[in-house]
Amino acid sequence: MTLDPLLLAVAAPLCVAAAIALGLPKKLAVPLAYLGFGVPLLVSLWAWASFGAAAKEAHGYAFVTRYSTGLDGFGIALKLGLNGIALPVFVLAGVVGFAAGLYAIQSGAERLKTYLLLLLIMQGGLMGAFASVDVFYFYFFHELALIPTFIMVGVWGGRDRTYAAMMMTVYLTLGAMLSLVGLIAIYVKSGASSFDLFAIRDALSAAPLGTVTQTHIFGILLFGFGILVSLWPFHSWAPPGYGAAPTSAAMLHAGVLKKFGLYGLIQVALPLLPSGLGRWGSTLLVLAAVGNVLVIGLVTVAQRDLKQMVGYSSVMHMGYAFLGIAAASALGASGVVMLMVAHGLSVALLFLLSTSLHRRTGTFDMEAMGGVAQKAPLLAWLFVAATFASIGLPGMANFWGELTIFVALWQFSHWATVVAVAGTIISAVYGLRAAANIFFGRPTETFERVCEASPPSDLAWGERLPAFILLATILFIGVWPRSISVPINAALGAPRAAAAPAR
Amino acid sequence: MTPSLESYVMLSAALFAVGFLGVLIRRNTLVIFMCLELMLIASTLALAAFSRFNGTEDGDVFIFFILTVAAAEVAVGLAIIVALFRARQTVNVNELDSLKH
Amino acid sequence: MDFSTLRQLAAGNAWGAIWPEVSLACLALLLLVLEMVLPRGAHRRIPAVSLLGQLAVLALVLTHLGAPTRPLFNGLIEQSPSGQVMRAFLIAASILVCLLARESLPRQPVPRTEFHHIVLVVTAALMLLVQSRNFVMLFVALETVTVGFYILVSYTRGNPGSLEAGLKYLVMGALSSALLLFGIVLLYGVAGNPALPGRTAEAMQYPALAAFLEANPHNFMAAAGIVLVLAGVGFKIGAVPFQIWVPDVYQGAPTPVTAFLAVSSKAAGFAVLLVLVEQVFLPYEWLVTPVLTCMAAATLIFGNLAALKQHNVKRLIGLSGVSHAGFILLAVIPAAHSQAAAGAVYFYLVAYLLASFLVFGVMTVMSGPDDTRQELGDYAGLARQSPFLAGVLACGLGSLAGIPPLAGFLGKVFAFVAAFRAGHYGLLALAVLGVVVSIYYYFGWIRAAYFSDEPPLSADVLARVRSSGLLLRVVLALLAVGTIALGFYQGPLGSLVSGQ
Amino acid sequence: MEHAAFICLSAFTLACAACVVLSRNTVNGAMCLLLCLMGIAGLFIQLHAALLAFILILVYAGAVVTLFLFIIMLLDMQGGRPWRPRGVEIAAGAVSAALVIGGLDLLALRGRLPSAVPASAEVGASLRLYAYQLFTTYFLPVQVIGFLLLIAMLGVILLSHRARREGPR
Amino acid sequence: MTPLCAALTVLLAPLLSAAVIALLLGRRGGPASALSTLVSALVAGLALWLAVGGRHFSASREWLRFGDFAISMGFQFDALAALMLSIVGVVGLCVHVFSLGYMRDDPHKARYFGGLSMFMFSMIGIVLADNLFMMFVFWELVGFSSYFLINHWHERREAADAAKKAFITNRVGDWGFLLGIILCYWTNGTVSLSGLAAEHAFSRAVALLLFCGAVGKSAQLPLQVWLPDAMEGPTPVSALIHAATMVAAGIYMLCRIEPIMAPDALTVITWVGTLTALYAALCAVTQRDIKKVLAYSTLSQLGYMVAAFGMGSSSAAMFHLTTHAFFKALLFLGSGSVIMGCHHEQDIFRMGGLRRRMPLTFWTFTVAVAAISGLPGLAGFFSKDAILALAYGASTPVFAILAFTAALTAFYMFRLWKIVFLGAPRTDAASHAHEAGLPVTAPLVLLAALSVVGGYLRLYPAGLSAVFAGVHEAEGGARIVILGTSLVVLVVGAGAALAFYGEGGTDALEERFPGLFGLLVALRASFDAAYGWYVAKVQRRVAIALNFVDIVAIAGAAVRGLAGAVEIVGFGVRALHTGRLGTYVYWFLGGVVILWAYAAGLL
């Protein structure tokens, strides 16, 4: 059989992880880890580059391959493939994963091998979750990626890591279980008696479910996935979790893993249950999402701890995504996909830089810093860039997503749009205030003393490289949004999608 | 006239119930154990009655097995009780609660 | 005593068909013989003999999977594909039990050969139990198993805890077998009644009984008999309200016996239950389904809640076992009408076997001479001192919790699908909450092993960890690999359970 | 006449059973059990199952009850603290008794069986029948029982032996 | 070279230079400044070439498409764009050159010039944009460049805060702007300028929402607070961004979307502009900081332009924008030169007598003062008269206010002029002040020349004069009135200032009319106070309250509480295992009874 890149991208990290688990010596483990993170990156970039030209199968999927694992009787098989929705997230996983991997390798954490092992498992799971066409494996790989965070937070975590790890895991398991039930419901009710997305789609397009059934199933999925994506008020796991999580785990989780829920809603729930959104979207969902934007936005303003702030801000930005879904239009969904990618990149960058900052200042308390830009200019300007990315400056990827969502949202609800756009002011407030407090002005006495003790240096290459990779991707998408908008548009099949030149 | 099948069944059921009650209310391990034996025997009575009135022999054969099994059970059970008495100097089940919660 | 009798005897009894049981029994006898003939110095070899012998049998059984369905011994037992699976399952379990015993018994002042002997006999009886299609056979095999377990549970008689557990198991077991017996008697009596339609002369045989029940779907005596039989089986599988003995007995019994109880005895119970639900009690679904549903619901709630704040690992694993019974019942209930559901049960059992023995293996290594008092706290620092054992433990607990990519996850998914297909939404909701709660205690255990290095492992535990046998480590590694591999690739087992 | 015998026997048996449960002294309890078994044996005979009655007496009166008595003596409990139920226990007992009796009533009411005429079976024939059944139809269980007895014997030896020399390594 | 690729070059060259500086020249100031200046020269040259060529063209390229929704990037190069482009080019060039001198010794010169190039890129983007989305993109980008440049001396807390304030205040304006664009898209189905010109769907909401953008960017009431603080940035930046170009972008944008302006919206716009003009002029009177004075005068002049637009003449607005760009840039650069001379002293009362020390600066500055005060013959005179004429025709109160503002303008400008240049030096810094080198003086001269001739419309190339088509001299009686008014206000204002302010190192107004002075100061401070109160008392408290709720109610009560409840139940269930057989058998009894009852159909 010919070598299948997607399978390679999924298997490479897992195989490296297995090798490390079988007791590879450290000096072999690290180079292999580079391989384990590099292969997915390369594959994802290759897929990105060649997607347009690649031959499309049913439902606009490319690179489709199927491997039987002996569960054909249950309608389960490892079926890999990418469509225009999966591709951007797949690329996101590849890029962020690579950055996180690099950062982890140079972080020199104690028990580094175990750390890399878990991170590799996470990476493999992520690639698999977004590359699998089979709904079962889509969930399977997500859980696979989810669980390592428990141990990573618990072992390498920061403040009250044990509680954070426990709550995060139990809470997320609840969400995951709900969504599993929802997926099973689709599997059974669709009558396809197969988890293969193609089969389910065909079955449902042949005989759609009743509106009531759709609404029920969609509700389960919505709240299951909602918990995973920290939909307000089910977000309580996120801030402490991210506050405690070690950097690479936080990068991968907040950056990529969290997007699984949104991805599931767009890739599975919306197309399969077209009339399921109705009741939820117009009432509960939009209220909750506005809660994300407005309430959590203001809560973010109140934070003093940098990592908490970043955590809350990522919760807030999920609000835009949910609003985009609530808009119940191809346009809104497209915006959400763009925003997912962009937010993933920017929040990962922010987490990375916060840790680098913590290394130099020894604290996450923003009031206790100041004037860091004089000591570490590069760090400062990268952080400012990341901040502006996350507050949606044009030229950065986030802008396009947010803009599209706003445009789509107006059709759905005026007042929600007004609130959402007001949210951009809030994020500017906390983002810029953080930047000003930390980097500009004169250093506080405490920080002066820290500097006496150990004069902080600027970013080392091990920290620069991942940061540059992330920022470069953000800028590239920001300047040239077509690079992901064309496949998204093709996949979400908006009316004149076909007319869109696939350049 | 001969007593009816039901009377036999009810009798054995009553014996069974008495045994069960014994298990419930007694605290002496040996007595409990006797009551358990009583329950087994009670069911054999019903079995015998059934096979007699239904004209099928399986019941009688089954009684044979039951008796044997019961005997073996008694042997092992009494051995355990004795060993436990050696260890704890009691046969009161309420005092044998080192394993709990 | 004329010749025809012997011919009759020869005709009915196809001993060749139950060669695995026979060979296990012979092996058991062989062990006793060896102990008599061999010098005391060579007794250490005897466990090896039993292990090798069982391995040989297991290999042969595995080659004969998928034997055709046919009744044997005048219908006392029946050979069937699922029966073959259970045979292999039980032999594998007994091998692992013997392995654990090999590790832990030497720490106790107790004889070893007899342990292996009894385990072998009990395993053979279990194998007959799961294949039996006749109540007499069922009762006899069941009693053999039960009596064997009385002895095994109180095996370390130097330890009062073990004896107390033995007594508790004795009383509870005897009570439940009495109930079962009375149920059987009622069924036998009502089915043989000449005045009733579909009356049968051989009421002890499943098919005949099923035919009778078909003819009288609403007979109270039959119903009473059925519920009493279910109560008896409920004791074996540890379903609420017949589960109350579980934590005490699990805690008191020697760890290998606990494993034996938790895996083999429970699995056999489920196999019997499946046969009854699928083949015999089908006409009484109006009764069986709601009863089992209530049992399952209660079991799910009780097992998970009781395990939530449990710190003694043996009690914890026992109570989690109760919750697993709930999950399996989820798939048993619809099994009467769906091949896939029955398959789900078997898959779950296999996954449960692998995962449980991973955990029990680690517990055996960690446990001292008195293995009734093993607390979660004793695992602090395990990950630092012995990453291997910690990894194995995490793998096992993860699989029990149902975390991909471990086999346990698939088991749960299949069970959920089965329940959803049958429309038991409420039960499913309970199961989901149960999983969430179970995450708390399973991961609490992992947390104990991984997160906290204080206090470090005590010296003797460390010594045991260091000195744990290579064979056991290899087997644990294999089990872990199996758990993971089964999660990724189910292969023939998958197609078997999915009824293809 | 047969009916009267049945009434007497059953009354006797039930009374003995009650005594087993209620007797304060364990030895008396064992004795009552013995008598109860006698009564059941009598009922067996009335059911034309003389052989079973014989076995019952043999196995139970001969072995089991003796064993019980022996153990009671061994554990030196014939004097022992007599049984004094506490209030809670009495209440619980009463409740459970009520429940059990209710269950019996149910059986009596709902479990009506069309009473059949007892099939006529010869005692001598039934002995022959036994052997036949045991050696043909139920040959496998017989073997299993053999192993059951074997492990039971082993178990008793194991459990009652004083600690062996086979100590920890 | 076709106009299109010329325009492309104009747009992308600064971006390129910014990128090169950011990536390669981060540490090396010299090459960076050289590169950036050369690029700006190139831009200026091409801009003028395009303007003189007078070739109008438009081109567009689809940038993002989802179904029917498409965002495109394109140029619409017409007279208006040409005019704005050449202003940006020329002033930008002057500022670059000036910066060579002004920032000579700055350690982060490279970053500074990178920022300038970035700004040029963004600004030119706004100028050339052919649709509102693209305009919004670059709109935000100029905001970012402004943030970046104000923040140049970020070790000064004030600078950092000012930058933050500028960006956030602009965000508030952009909130309306973006909503306006979206609403415009859904109502008109298009956001391309040409499309809108064809549409003529007058919508008050759209007009006002879009105007919010102008309010933010052009610092109109009530969002004017950021501009004075923005003076924390280097002076050339103030000249380029906060006087000549970026703040004028608001007016430019309004002129671009003139077709969809609803009449009643225009009235609002007029009044906002008028009040801003008055308010800012009043504030300017009390300032001691030379740059703050100029900042407030900028506000006031922007108010004029907005008012002019509001009164329906984009030509007048653009005309004043043009002349203002020249003389205000000149003023700022002049003040920059003064500040350099006085070793970064900005308090006018610590200067004085610079006429002798810095003659060139003095004369150019004088030209600018005269121009802004509307001395006949200079640029400011014509443009301001055009606006006054409009106001005279439109509404009397507006006319009165604007006239009064003009008087105030003359007053505070001459106050500044007198205190800074005349009299004797009050500090030795001032006494040792000296003229800086050619890079500083050359731009002054160039801009002075432009401020002189900028008012004569027939001097503008044909391509540009089209913009001013709507500028009419008032006729007949009106003409006399306007002329008279402007002369009177000039004389009164200037005379009052010259007479009133003495040689002393203190503010005469403060001494003689402390009440009035205090009133004016309070007026200036009122807005900051209001916003400060909102941020500190409202927003912060709400945020903290919500944070409390989030932690206590959701994370605490809901999540931890639920977990705790379950744990308690767990303890209870665990306690059921009493360890006594006596209790365990009752479980069996219960089970059997329930099952039995169920079988009997009792349950």
# chains A, B, ... in the order shown; residues from 1 in each chain; ligands from 1
call {"tool": "residues_around", "arguments": {"residues": "Ala49 (chain B)", "least_positions_apart": "2", "cutoff": "9 Å", "atoms": "only C-alpha atoms", "output": "ChimeraX atom specification"}}
result
/B:5,8-9,44-47,51-54,59 /C:189 /D:44,47,118
call {"tool": "closest_atom_pairs", "arguments": {"of": "chain C", "to": "chain B", "cutoff": "6 Å", "atoms": "only C-alpha atoms", "output": "CSV"}}
result
residue,atom,partner,partner_atom,distance
C:Leu163,CA,B:Leu84,CA,5.8
C:Ala178,CA,B:Leu40,CA,5.7
C:Phe182,CA,B:Ser43,CA,5.5
C:Val185,CA,B:Leu47,CA,5.8
C:Gly189,CA,B:Phe50,CA,5.1
C:Gly192,CA,B:Asn54,CA,5.5
C:Asn193,CA,B:Asn54,CA,5.4
C:Ala201,CA,B:Thr56,CA,5.9
C:Asp248,CA,B:Leu99,CA,5.5
call {"tool": "closest_atom_pairs", "arguments": {"of": "chain E", "to": "chain B", "cutoff": "10 Å", "atoms": "only C-alpha atoms", "output": "CSV"}}
result
residue,atom,partner,partner_atom,distance
E:Phe571,CA,B:His101,CA,9.2
E:Gly572,CA,B:His101,CA,9.9
E:Val573,CA,B:His101,CA,9.1
E:Arg574,CA,B:His101,CA,5.6
E:Ala575,CA,B:His101,CA,5.6
E:Leu576,CA,B:His101,CA,7.2
E:His577,CA,B:His101,CA,4.9
E:Thr578,CA,B:Lys100,CA,5.5
E:Gly579,CA,B:Lys100,CA,4.2
E:Arg580,CA,B:Asp97,CA,5.4
E:Leu581,CA,B:Val93,CA,6.1
E:Gly582,CA,B:Leu24,CA,6.6
E:Thr583,CA,B:Leu24,CA,8.3
E:Tyr584,CA,B:Leu24,CA,9.1
E:Val585,CA,B:Leu24,CA,6.1
E:Tyr586,CA,B:Leu24,CA,6.7
E:Phe588,CA,B:Leu24,CA,9.6
E:Leu589,CA,B:Leu24,CA,8.2
call {"tool": "write_last_selection", "arguments": {"atoms": "C-alpha atoms", "output": "mmCIF file, in the first residue's frame"}}
result
data_model
loop_
_atom_site.group_PDB
_atom_site.id
_atom_site.type_symbol
_atom_site.label_atom_id
_atom_site.label_comp_id
_atom_site.auth_asym_id
_atom_site.auth_seq_id
_atom_site.Cartn_x
_atom_site.Cartn_y
_atom_site.Cartn_z
ATOM 1 C CA PHE E 571 -19.652 9.221 52.369
ATOM 2 C CA GLY E 572 -23.177 8.225 53.267
ATOM 3 C CA VAL E 573 -23.252 5.303 50.868
ATOM 4 C CA ARG E 574 -19.856 4.236 52.093
ATOM 5 C CA ALA E 575 -21.177 4.216 55.640
ATOM 6 C CA LEU E 576 -23.759 1.595 54.628
ATOM 7 C CA HIS E 577 -21.009 -1.007 54.745
ATOM 8 C CA THR E 578 -21.286 -1.657 58.452
ATOM 9 C CA GLY E 579 -19.192 -4.801 58.226
ATOM 10 C CA ARG E 580 -21.900 -6.786 60.033
ATOM 11 C CA LEU E 581 -23.467 -9.849 58.450
ATOM 12 C CA GLY E 582 -26.541 -9.123 60.523
ATOM 13 C CA THR E 583 -27.234 -6.003 58.499
ATOM 14 C CA TYR E 584 -26.047 -7.416 55.202
ATOM 15 C CA VAL E 585 -28.637 -10.195 55.136
ATOM 16 C CA TYR E 586 -31.345 -7.568 55.367
ATOM 17 C CA PHE E 588 -30.911 -9.722 50.607
ATOM 18 C CA LEU E 589 -34.265 -9.753 52.281
#
call {"tool": "residues_around", "arguments": {"residues": "Ala14 (chain C)", "least_positions_apart": "2", "cutoff": "10 Å", "atoms": "only C-alpha atoms", "output": "number ranges by chain"}}
result
C: 9-12, 16-19, 71-74; D: 140
call {"tool": "residues_around", "arguments": {"residues": "His3 (chain D)", "least_positions_apart": "2", "cutoff": "8 Å", "atoms": "only C-alpha atoms", "output": "PyMOL selection string"}}
result
(chain B and resi 1-3) or (chain D and resi 1+5-7)
call {"tool": "closest_residue", "arguments": {"among": "A:Leu465, A:Leu146, A:Val286, A:Val91", "to": "Ser483 (chain A)", "atoms": "only C-alpha atoms"}}
result
A:Val91
call {"tool": "select_by_dssp", "arguments": {"residues": "region 372-428 of chain C", "states": "alpha helix (DSSP H)", "output": "ChimeraX atom specification"}}
result
/C:382-385,387-401,407-422,425-428
call {"tool": "atom_distance", "arguments": {"atom1": "CA of Val407 (chain A)", "atom2": "CA of Trp63 (chain E)"}}
result
15.8 Å
call {"tool": "interface_residues", "arguments": {"of": "chain E", "to": "chain D", "cutoff": "9 Å", "atoms": "only C-alpha atoms", "output": "PyMOL selection string"}}
result
chain E and resi 586+589-590+593+596-597+600
call {"tool": "write_last_selection", "arguments": {"atoms": "N, CA, C and O atoms", "output": "tab-separated table (two decimals), in the first residue's frame"}}
result
chain	number	residue	atom	x	y	z
E	586	TYR	N	-30.10	-8.32	55.61
E	586	TYR	CA	-31.35	-7.57	55.37
E	586	TYR	C	-31.38	-7.01	53.96
E	586	TYR	O	-32.44	-6.85	53.35
E	589	LEU	N	-32.83	-9.69	52.04
E	589	LEU	CA	-34.26	-9.75	52.28
E	589	LEU	C	-34.97	-8.69	51.46
E	589	LEU	O	-35.92	-9.00	50.70
E	590	GLY	N	-34.44	-7.45	51.56
E	590	GLY	CA	-35.08	-6.37	50.81
E	590	GLY	C	-35.14	-6.71	49.33
E	590	GLY	O	-36.19	-6.62	48.69
E	593	VAL	N	-37.68	-9.40	48.63
E	593	VAL	CA	-39.05	-8.93	48.81
E	593	VAL	C	-39.46	-8.09	47.60
E	593	VAL	O	-40.53	-8.28	47.01
E	596	TRP	N	-39.87	-10.23	44.56
E	596	TRP	CA	-41.05	-11.10	44.75
E	596	TRP	C	-42.31	-10.28	44.47
E	596	TRP	O	-43.19	-10.64	43.70
E	597	ALA	N	-42.35	-9.09	45.10
E	597	ALA	CA	-43.52	-8.23	44.92
E	597	ALA	C	-43.68	-7.87	43.45
E	597	ALA	O	-44.79	-7.86	42.91
E	600	ALA	N	-45.16	-10.55	41.64
E	600	ALA	CA	-46.59	-10.66	41.93
E	600	ALA	C	-47.37	-9.50	41.37
E	600	ALA	O	-48.58	-9.42	41.57
call {"tool": "decode", "arguments": {"residues": "region 24-106 of chain C", "atoms": "C-alpha atoms", "output": "PDB file, in the first residue's frame"}}
result
ATOM      1  CA  LEU C  24      -7.583 -28.980  33.814  1.00  0.00           C
ATOM      2  CA  ALA C  25      -8.975 -31.447  36.318  1.00  0.00           C
ATOM      3  CA  CYS C  26      -6.260 -33.961  35.509  1.00  0.00           C
ATOM      4  CA  LEU C  27      -3.688 -31.195  35.842  1.00  0.00           C
ATOM      5  CA  ALA C  28      -5.108 -30.408  39.266  1.00  0.00           C
ATOM      6  CA  LEU C  29      -4.781 -34.020  40.309  1.00  0.00           C
ATOM      7  CA  LEU C  30      -1.301 -34.138  38.851  1.00  0.00           C
ATOM      8  CA  LEU C  31      -0.286 -31.281  41.079  1.00  0.00           C
ATOM      9  CA  LEU C  32      -1.393 -33.165  44.173  1.00  0.00           C
ATOM     10  CA  VAL C  33       0.448 -36.257  42.999  1.00  0.00           C
ATOM     11  CA  LEU C  34       3.569 -34.231  42.360  1.00  0.00           C
ATOM     12  CA  GLU C  35       3.438 -32.762  45.822  1.00  0.00           C
ATOM     13  CA  MET C  36       3.290 -36.237  47.240  1.00  0.00           C
ATOM     14  CA  VAL C  37       6.068 -37.729  45.164  1.00  0.00           C
ATOM     15  CA  LEU C  38       8.451 -34.808  44.826  1.00  0.00           C
ATOM     16  CA  PRO C  39      10.913 -33.967  47.582  1.00  0.00           C
ATOM     17  CA  ARG C  40       9.998 -30.833  49.523  1.00  0.00           C
ATOM     18  CA  GLY C  41      12.817 -28.936  47.850  1.00  0.00           C
ATOM     19  CA  ALA C  42      11.238 -29.367  44.442  1.00  0.00           C
ATOM     20  CA  HIS C  43       7.845 -28.082  45.478  1.00  0.00           C
ATOM     21  CA  ARG C  44       8.736 -24.635  44.241  1.00  0.00           C
ATOM     22  CA  ARG C  45       8.521 -26.065  40.743  1.00  0.00           C
ATOM     23  CA  ILE C  46       4.880 -27.095  41.080  1.00  0.00           C
ATOM     24  CA  PRO C  47       3.357 -23.679  40.274  1.00  0.00           C
ATOM     25  CA  ALA C  48       5.437 -23.614  37.116  1.00  0.00           C
ATOM     26  CA  VAL C  49       3.928 -26.955  36.124  1.00  0.00           C
ATOM     27  CA  SER C  50       0.413 -25.667  36.612  1.00  0.00           C
ATOM     28  CA  LEU C  51       1.189 -22.494  34.660  1.00  0.00           C
ATOM     29  CA  LEU C  52       2.712 -24.406  31.753  1.00  0.00           C
ATOM     30  CA  GLY C  53      -0.129 -26.895  31.712  1.00  0.00           C
ATOM     31  CA  GLN C  54      -2.752 -24.161  31.636  1.00  0.00           C
ATOM     32  CA  LEU C  55      -0.831 -22.330  28.912  1.00  0.00           C
ATOM     33  CA  ALA C  56      -0.925 -25.484  26.826  1.00  0.00           C
ATOM     34  CA  VAL C  57      -4.658 -25.871  27.350  1.00  0.00           C
ATOM     35  CA  LEU C  58      -5.248 -22.207  26.596  1.00  0.00           C
ATOM     36  CA  ALA C  59      -3.285 -22.492  23.365  1.00  0.00           C
ATOM     37  CA  LEU C  60      -5.356 -25.491  22.319  1.00  0.00           C
ATOM     38  CA  VAL C  61      -8.614 -23.798  23.200  1.00  0.00           C
ATOM     39  CA  LEU C  62      -7.637 -20.740  21.237  1.00  0.00           C
ATOM     40  CA  THR C  63      -7.021 -22.892  18.210  1.00  0.00           C
ATOM     41  CA  HIS C  64     -10.513 -24.361  18.583  1.00  0.00           C
ATOM     42  CA  LEU C  65     -12.440 -21.100  18.883  1.00  0.00           C
ATOM     43  CA  GLY C  66     -15.588 -20.933  16.865  1.00  0.00           C
ATOM     44  CA  ALA C  67     -16.540 -24.579  17.376  1.00  0.00           C
ATOM     45  CA  PRO C  68     -20.029 -25.405  16.150  1.00  0.00           C
ATOM     46  CA  THR C  69     -23.005 -25.141  18.472  1.00  0.00           C
ATOM     47  CA  ARG C  70     -24.029 -28.575  19.681  1.00  0.00           C
ATOM     48  CA  PRO C  71     -25.570 -30.050  22.857  1.00  0.00           C
ATOM     49  CA  LEU C  72     -23.454 -32.457  24.886  1.00  0.00           C
ATOM     50  CA  PHE C  73     -24.081 -34.885  27.713  1.00  0.00           C
ATOM     51  CA  ASN C  74     -27.768 -35.270  26.904  1.00  0.00           C
ATOM     52  CA  GLY C  75     -28.171 -31.516  26.813  1.00  0.00           C
ATOM     53  CA  LEU C  76     -26.622 -30.890  30.223  1.00  0.00           C
ATOM     54  CA  ILE C  77     -24.143 -28.564  28.557  1.00  0.00           C
ATOM     55  CA  GLU C  78     -23.887 -26.999  25.143  1.00  0.00           C
ATOM     56  CA  GLN C  79     -20.885 -26.066  23.149  1.00  0.00           C
ATOM     57  CA  SER C  80     -21.197 -22.629  21.511  1.00  0.00           C
ATOM     58  CA  PRO C  81     -18.925 -19.928  20.076  1.00  0.00           C
ATOM     59  CA  SER C  82     -19.539 -17.647  23.017  1.00  0.00           C
ATOM     60  CA  GLY C  83     -18.910 -20.622  25.288  1.00  0.00           C
ATOM     61  CA  GLN C  84     -15.567 -21.127  23.582  1.00  0.00           C
ATOM     62  CA  VAL C  85     -14.713 -17.490  24.143  1.00  0.00           C
ATOM     63  CA  MET C  86     -15.601 -17.784  27.799  1.00  0.00           C
ATOM     64  CA  ARG C  87     -13.535 -20.963  28.096  1.00  0.00           C
ATOM     65  CA  ALA C  88     -10.469 -19.161  26.783  1.00  0.00           C
ATOM     66  CA  PHE C  89     -11.335 -16.199  28.954  1.00  0.00           C
ATOM     67  CA  LEU C  90     -11.564 -18.284  32.097  1.00  0.00           C
ATOM     68  CA  ILE C  91      -8.374 -20.213  31.452  1.00  0.00           C
ATOM     69  CA  ALA C  92      -6.521 -16.977  30.781  1.00  0.00           C
ATOM     70  CA  ALA C  93      -7.902 -15.540  33.988  1.00  0.00           C
ATOM     71  CA  SER C  94      -6.854 -18.559  35.997  1.00  0.00           C
ATOM     72  CA  ILE C  95      -3.375 -18.400  34.503  1.00  0.00           C
ATOM     73  CA  LEU C  96      -3.083 -14.811  35.609  1.00  0.00           C
ATOM     74  CA  VAL C  97      -4.436 -15.655  39.042  1.00  0.00           C
ATOM     75  CA  CYS C  98      -1.851 -18.383  39.436  1.00  0.00           C
ATOM     76  CA  LEU C  99       0.769 -15.896  38.324  1.00  0.00           C
ATOM     77  CA  LEU C 100      -0.288 -13.391  40.960  1.00  0.00           C
ATOM     78  CA  ALA C 101      -0.379 -16.191  43.531  1.00  0.00           C
ATOM     79  CA  ARG C 102       3.140 -17.142  42.543  1.00  0.00           C
ATOM     80  CA  GLU C 103       4.130 -13.590  43.423  1.00  0.00           C
ATOM     81  CA  SER C 104       2.149 -13.113  46.612  1.00  0.00           C
ATOM     82  CA  LEU C 105       1.668 -16.496  48.312  1.00  0.00           C
ATOM     83  CA  PRO C 106       5.321 -16.922  49.268  1.00  0.00           C
TER      84      PRO C 106
END
